[in-house]
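Trainee: To start, I am sharing the structure in question, which I have written as structure tokens.
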Amino acid sequence: MEEIILKTITWSAPEYKHKEKSMDFLWAIGLITIIAGGVAIWLSNYVFAIFIFIAGATLILFSIRHPQEVSFSIETEGLTMSKDKYPWKRIKGFHIKREFDYTNLLILTDKYFLPVYTIPLNPDMANEIREELLKVTPNIELEESKSMIFMEKLGF
């Protein structure tokens with residue numbers, strides 16, 4: 001079997017789109033957490049109260065955290081996302097989704113839980129990446145996961 005040689009393409013992008021949260025948002029999350037935790041304590045459900053307080057603190061921390069830059073690379077051996085490497089045999093397909101204000105590369109892997117990765121792209125690189133990926137994996141119609149779309153609408 002003939003080995004396919006790909007041109008190495010590398011780029012970096014933030015791990016997610018950061019939306020600044022107002023102090024009102026943070027106060028609302030804190031207030032909801034305190035009320036829900038208080039109700040759980042009042043009902044003598046202490047483990048659930050601890051869970052609520054940890055979840056509220058985590059939500060606030062992730063809301064104020066700025067995204068890190070993640071490096072991506074398409075190579076002959078596979079697709080590299082930061083420290084994770086996916087050989088081409090684990091990738092079932094791809095789709096480049098172009099919207100008016102962004103372009104995303106959707107990658108379908110063989111994972112059972114969350115198999116579709118959404119990778120931000122520079123629109124100028126989309127055609128070059130598409131040509132290289134077509135050499136090793138099919139272009140199939142993919143959609144972003146509903147949970148990702150929901151979280152983006154909430155501002156996360």
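The way I read the labels, and the way they are meant: chains A, B, ... in the order of the structure tokens, residue 1 as the first residue of every chain, and ligand 1 as the first ligand shown, with later ones counted on from there.
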From a DSSP calculation on the backbone, collect every residue of region 20-100 of chain A in alpha helix (DSSP H) and output the set as a ChimeraX atom specification.

Mentor: /A:23-42,46-64

Trainee: Which residues come within 10 Å of Ser63 (chain A), counting only C-alpha atoms, excluding same-chain residues fewer than 4 positions away, as a ChimeraX atom specification?

Mentor: /A:18-22,25-26,57-59,155-156

Trainee: Restrict the selected residues to N, CA, C and O atoms and save them as a tab-separated table (two decimals), in the first residue's frame.

Mentor:
chain	number	residue	atom	x	y	z
A	18	HIS	N	-13.59	33.50	24.11
A	18	HIS	CA	-13.82	34.05	25.45
A	18	HIS	C	-14.78	35.23	25.35
A	18	HIS	O	-14.60	36.12	24.53
A	19	LYS	N	-15.79	35.20	26.18
A	19	LYS	CA	-16.72	36.31	26.28
A	19	LYS	C	-16.62	36.86	27.69
A	19	LYS	O	-16.79	36.13	28.66
A	20	GLU	N	-16.32	38.14	27.79
A	20	GLU	CA	-16.19	38.76	29.11
A	20	GLU	C	-17.52	38.70	29.83
A	20	GLU	O	-18.56	39.02	29.27
A	21	LYS	N	-17.47	38.28	31.07
A	21	LYS	CA	-18.67	38.20	31.90
A	21	LYS	C	-18.72	39.45	32.78
A	21	LYS	O	-17.71	39.89	33.32
A	22	SER	N	-19.91	39.97	32.94
A	22	SER	CA	-20.07	41.15	33.80
A	22	SER	C	-20.08	40.72	35.26
A	22	SER	O	-20.27	39.54	35.58
A	25	PHE	N	-23.27	38.94	36.22
A	25	PHE	CA	-23.31	37.51	35.92
A	25	PHE	C	-22.66	36.72	37.05
A	25	PHE	O	-23.20	35.71	37.52
A	26	LEU	N	-21.50	37.17	37.49
A	26	LEU	CA	-20.78	36.47	38.55
A	26	LEU	C	-21.56	36.52	39.87
A	26	LEU	O	-21.63	35.52	40.60
A	57	ALA	N	-18.42	27.34	42.35
A	57	ALA	CA	-17.07	27.90	42.34
A	57	ALA	C	-16.36	27.58	41.02
A	57	ALA	O	-15.68	28.44	40.44
A	58	THR	N	-16.54	26.36	40.54
A	58	THR	CA	-15.92	25.97	39.26
A	58	THR	C	-16.47	26.80	38.12
A	58	THR	O	-15.73	27.25	37.24
A	59	LEU	N	-17.78	27.01	38.09
A	59	LEU	CA	-18.40	27.81	37.04
A	59	LEU	C	-17.87	29.24	37.05
A	59	LEU	O	-17.56	29.80	35.99
A	155	GLY	N	-22.92	31.71	26.69
A	155	GLY	CA	-21.77	32.59	26.88
A	155	GLY	C	-20.54	31.90	27.41
A	155	GLY	O	-19.65	32.54	27.94
A	156	PHE	N	-20.47	30.58	27.29
A	156	PHE	CA	-19.31	29.83	27.76
A	156	PHE	C	-18.50	29.33	26.59
A	156	PHE	O	-18.95	29.00	25.57

Trainee: List the spatial neighbours of region 131-140 of chain A as number ranges by chain - criterion: any atom at most 7 Å away, only C-alpha atoms, same-chain residues fewer than 2 positions off excluded.

Mentor: A: 6, 88, 92-95, 127-129, 142

Trainee: Could you pull the residues within 7 Å of Trp11 (chain A), counting only C-alpha atoms, minus those fewer than 3 positions along the same chain, as a ChimeraX atom specification?

Mentor: /A:71-73

Trainee: Looking only at strand (DSSP E) from DSSP on the backbone, list the matching residues of region 4-111 of chain A as a count of residues only.

Mentor: 35

Trainee: Find the spatial neighbours of Ser147 (chain A), counting only C-alpha atoms, within a cut-off of 12 Å - ignore same-chain residues fewer than 4 positions away - and output them as a list of chain:residue names.

Mentor: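 Those residues are A:Leu114, A:Val116, A:Glu143, A:Met151, A:Glu152, A:Lys153, A:Leu154, A:Phe156.
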
Trainee: I need the chosen residues saved as a CSV table (one decimal), in the first residue's frame, with all heavy atoms.

Mentor:
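Full text of selection-v3.csv as output:
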chain,number,residue,atom,x,y,z
A,114,LEU,N,-18.3,12.2,22.9
A,114,LEU,CA,-17.8,13.5,22.3
A,114,LEU,C,-16.9,13.2,21.1
A,114,LEU,O,-15.7,13.6,21.1
A,114,LEU,CB,-17.2,14.4,23.3
A,114,LEU,CG,-18.1,14.9,24.4
A,114,LEU,CD1,-17.3,15.7,25.4
A,114,LEU,CD2,-19.2,15.7,23.9
A,116,VAL,N,-16.9,14.4,18.0
A,116,VAL,CA,-16.7,15.5,17.1
A,116,VAL,C,-15.9,16.7,17.8
A,116,VAL,O,-16.3,17.2,18.8
A,116,VAL,CB,-18.0,16.1,16.5
A,116,VAL,CG1,-17.8,17.3,15.6
A,116,VAL,CG2,-18.8,15.0,15.8
A,143,GLU,N,-22.2,18.2,12.0
A,143,GLU,CA,-22.7,19.4,12.8
A,143,GLU,C,-22.0,19.4,14.1
A,143,GLU,O,-21.6,18.4,14.7
A,143,GLU,CB,-24.2,19.2,13.0
A,143,GLU,CG,-25.0,19.4,11.7
A,143,GLU,CD,-24.9,20.9,11.1
A,143,GLU,OE1,-24.8,21.8,11.9
A,143,GLU,OE2,-24.8,21.0,9.9
A,151,MET,N,-23.9,25.7,25.1
A,151,MET,CA,-23.0,26.4,25.9
A,151,MET,C,-22.5,27.8,25.3
A,151,MET,O,-22.3,28.7,26.0
A,151,MET,CB,-21.8,25.5,26.3
A,151,MET,CG,-22.2,24.4,27.2
A,151,MET,SD,-23.0,24.8,28.7
A,151,MET,CE,-21.6,25.4,29.6
A,152,GLU,N,-22.3,27.8,24.0
A,152,GLU,CA,-21.9,29.0,23.4
A,152,GLU,C,-23.0,30.1,23.5
A,152,GLU,O,-22.7,31.3,23.7
A,152,GLU,CB,-21.5,28.8,21.9
A,152,GLU,CG,-20.2,28.1,21.8
A,152,GLU,CD,-19.8,27.8,20.3
A,152,GLU,OE1,-20.6,28.3,19.4
A,152,GLU,OE2,-18.8,27.2,20.1
A,153,LYS,N,-24.3,29.7,23.4
A,153,LYS,CA,-25.4,30.6,23.5
A,153,LYS,C,-25.5,31.2,24.9
A,153,LYS,O,-25.9,32.3,25.1
A,153,LYS,CB,-26.7,30.0,23.1
A,153,LYS,CG,-26.8,29.8,21.6
A,153,LYS,CD,-28.1,29.3,21.2
A,153,LYS,CE,-28.1,28.9,19.7
A,153,LYS,NZ,-28.8,29.7,18.9
A,154,LEU,N,-25.1,30.3,25.9
A,154,LEU,CA,-25.1,30.8,27.3
A,154,LEU,C,-23.9,31.7,27.6
A,154,LEU,O,-23.9,32.4,28.6
A,154,LEU,CB,-25.0,29.6,28.2
A,154,LEU,CG,-26.3,28.8,28.4
A,154,LEU,CD1,-26.1,27.6,29.3
A,154,LEU,CD2,-27.5,29.6,28.9
A,156,PHE,N,-20.5,30.6,27.3
A,156,PHE,CA,-19.3,29.8,27.8
A,156,PHE,C,-18.5,29.3,26.6
A,156,PHE,O,-19.0,29.0,25.6
A,156,PHE,CB,-19.7,28.7,28.6
A,156,PHE,CG,-20.3,29.1,30.0
A,156,PHE,CD1,-21.7,29.1,30.2
A,156,PHE,CD2,-19.5,29.5,31.0
A,156,PHE,CE1,-22.2,29.5,31.4
A,156,PHE,CE2,-20.0,29.9,32.2
A,156,PHE,CZ,-21.4,29.9,32.4

Trainee: With only C-alpha atoms as the counted atoms, please give the residues lying no more than 12 Å from Ile54 (chain A), apart from itself and same-chain residues fewer than 6 positions off, as a PyMOL selection string.

Mentor: chain A and resi 30+33-34+36-37+47-48+60-61

Trainee: Please provide as a ChimeraX atom specification all residues within 8 Å of Lys7 (chain A), with the sequence filter that same-chain residues fewer than 3 positions apart are discarded (counting only C-alpha atoms).

Mentor: /A:74-76,132

Trainee: Pick out the closest residue to Ile9 (chain A) from this set: A:Lys85, A:Gly78, A:Pro115, A:Met148. Count only C-alpha atoms.

Mentor: A:Gly78

Trainee: What does the distance from CA of Tyr112 (chain A) to CA of Lys17 (chain A) come to in Å, to one decimal?

Mentor: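 Computing the Euclidean distance for CA of Tyr112 (chain A) and CA of Lys17 (chain A) yields 25.3 Å.
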
Trainee: What is the distance, in Å and to one decimal place, between CA of Pro67 (chain A) and CA of Glu141 (chain A)?

Mentor: 28.1 Å

Trainee: Using Å and a single decimal, report how far CA of His66 (chain A) sits from CA of Phe53 (chain A).

Mentor: 22.0 Å

Trainee: I need the residue nearest Lys97 (chain A) from this list: A:Glu77, A:Asp24, A:Glu15, A:Glu144. Use only C-alpha atoms for the distance.

Mentor: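 Among A:Glu77, A:Asp24, A:Glu15, A:Glu144, it is A:Glu144 that comes nearest to Lys97 (chain A).
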